[in-house]
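Colleague: One structure, as structure tokens, below. Some questions next.
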Amino acid sequence: MRSIPHNTNRDKPDATPVAPVNTMKPKSKYLRSTWVLAGMLAIISPAANAQSSLTVFGVMDLGVRRTNTDHVGHVLSMASGAHTSSRYGVRGREDLGGGLSASFWLESFLSADTGAVTPAGFQRRSTLSLSHTEWGELRMGRDFTPTHSNWARFDPFNYVGIGSVQLFSLSATGSTPATAAFGSNANSIQRSSNAIQYLLPRNSWGLEGGITKSFGEGNVSASDQHSSIGARLGVNLGPVFVSAASYTTHDDKTISDFKDRAVAASWNAGFVKLSGGVRRFEYQQATQSNYLLAAVVPFGAHEVKFSFNRAKMGGTAGATAIQGDGADQLALGYVYRLSKRTAAYATAATMRDKGNARFVIPGAPAGTAGARSQGFEFGMNHEF
């Protein structure tokens, strides 16, 4: 916040005044002018400070993790971002008047256990926005996809850590619709680059959401050009929140679309928050349906959370039949909030593969088809 320096130098009275009356008048005028100026600065300064802001922010999250996969072995490690992702960034906003504002947001990944920035750059988010309080926001750059924004908010494990469902969505060893569409290259399941979004304003009807279009100007694979389009719409009905989203990525090489659909709902009863949803991937002849049931029980500084996730696949991924493949995952977590910005946490999770699926919980070694993996982690999270 900008501050006005206080001037401690005062005018000295004339050493040889002509008359006492003349001596007091200049001093009185000076005092009046000083108080008027101070009053004007007190009024103007908050308004000037409110016109623009710049914030440096981030999260440091570190934990100790032990995972195990049947017939493979265990891994003992330190994990970064098991409660919420470790990150750092800077964001700013300028008030343009009349309800209009401009803002930017740069946010980077951070491996807190090594200090490395992996991947490099501001790949978590890099956006420039023009917003209006009544008309909404126009946002450009790299940001979350509509389906990820819709799905992750219902996951009590914040899409990270051994209790998250990210491996069901992002990648797996073996054949899935995602690996058939993107291989090991970047995908559009969680974030999209070169995107333009329109986001609805906050309103009294409880509606939220928007439309996203990303341009296929960057190669996702060596010879493919991918462009995407989608939308999200949610409605807040008091304790009940319902949201649905769709995002389609077009592959110019195969002339095929990777379709990502998600619908979910939550009910906050105060003593417990229940949520559930379905997310489905489709690519050519391959399908994958992800199911989520979750509960969060807060009491004082404590929070207990539970989730059950199931992935079921069908059809063929390339030349590989994946009908009947899938996995079930159970996760149980505990969070103790030491303060508004600092928390300690612990999570346990187990996953059982079905058919030829080769999913494992995050951090566990890859296993054979149909294997089981499990793990435990505990750590601390601090926001700044």
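Letters A, B, ... mark the chains of the structure tokens in the order given; residue numbers begin at 1 per chain; ligand numbers begin at 1, in order shown.
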Can you list, as a PyMOL selection string, all residues belonging to stretch 233-299 of chain A that DSSP tags as strand (DSSP E)?
Modeller: chain A and resi 233-237+240-251+256-268+273-283+286-299
Colleague: Which residues are near A:Phe154? Cut-off 8 Å, only C-alpha atoms, ignore same chain within fewer than 2 positions. Put them as a ChimeraX atom specification.
Modeller: /A:150-152,156,264-266,275-277,294
Colleague: Give me the residues near stretch 356-368 of chain A as a VMD selection string, where near means some atom within 10 Å (using only C-alpha atoms) and where sequence neighbours in that chain fewer than 2 positions away do not count.
Modeller: chain A and resid 65 to 79 82 160 to 168 171 to 176 311 to 313 321 to 329 349 to 354 370 to 375
Colleague: Please indicate the distance in Å from atom CA of A:Ala195 to atom CA of A:Leu138, rounded to one decimal place.
Modeller: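 Separation between atom CA of A:Ala195 and atom CA of A:Leu138: 10.7 Å.
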Colleague: Give the answer as one residue: which of A:Ala186, A:Val90, A:Leu200, A:Ala178 has the shortest atom-to-atom distance to A:His132, using only C-alpha atoms?
Modeller: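 Smallest separation from A:His132 among the options: A:Leu200.
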Colleague: Could you give me, as a list in words, the residues within 6 Å of A:Tyr283, counting only C-alpha atoms and dropping anything in the same chain fewer than 3 positions from it?
Modeller: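 My reading of the contact set: Pro177, Phe258 and Ala286 of chain A.
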Colleague: Running DSSP on the backbone, which parts of stretch 81-149 of chain A land in alpha helix (DSSP H), as a PyMOL selection string?
Modeller: chain A and resi 146-149
Colleague: May I have the residues within 7 Å of A:Gln197 as a ChimeraX atom specification, using only C-alpha atoms and disregarding those fewer than 3 positions away in the same chain?
Modeller: /A:138-140,210-213
Colleague: Taking only C-alpha atoms into account, which of A:Phe109, A:Phe308, A:Tyr247, A:Trp135 comes nearest A:Ser227?
Modeller: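 Smallest separation from A:Ser227 among the options: A:Tyr247.
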Colleague: Taking a cut-off of 12 Å and counting only C-alpha atoms, can you build a table that, for each residue of stretch 65-181 of chain A near stretch 203-208 of chain A, reports the nearest atom pair and how far apart they are in Å (one decimal), sorted by chain then residue number, as CSV?
Modeller:
```
residue,atom,partner,partner_atom,distance
A:Thr133,CA,A:Asn203,CA,9.1
A:Glu134,CA,A:Asn203,CA,8.1
A:Trp135,CA,A:Asn203,CA,10.0
A:Gly136,CA,A:Asn203,CA,9.7
A:Glu137,CA,A:Glu208,CA,11.5
A:Pro146,CA,A:Glu208,CA,11.4
A:Ser149,CA,A:Glu208,CA,11.4
A:Asn150,CA,A:Glu208,CA,10.6
```
Colleague: Set the distance at 12 Å and use only C-alpha atoms: which residues neighbour A:Tyr88 once local chain neighbours fewer than 2 positions away are removed? I'd like the list as number ranges by chain.
Modeller: A: 55-61, 85-86, 90-91, 105-112, 115-118, 121-125, 382-384
Colleague: Pick from A:Phe157, A:Ala231, A:Ala317, A:Val242: nearest to A:Tyr334, with only C-alpha atoms counted?
Modeller: A:Phe157
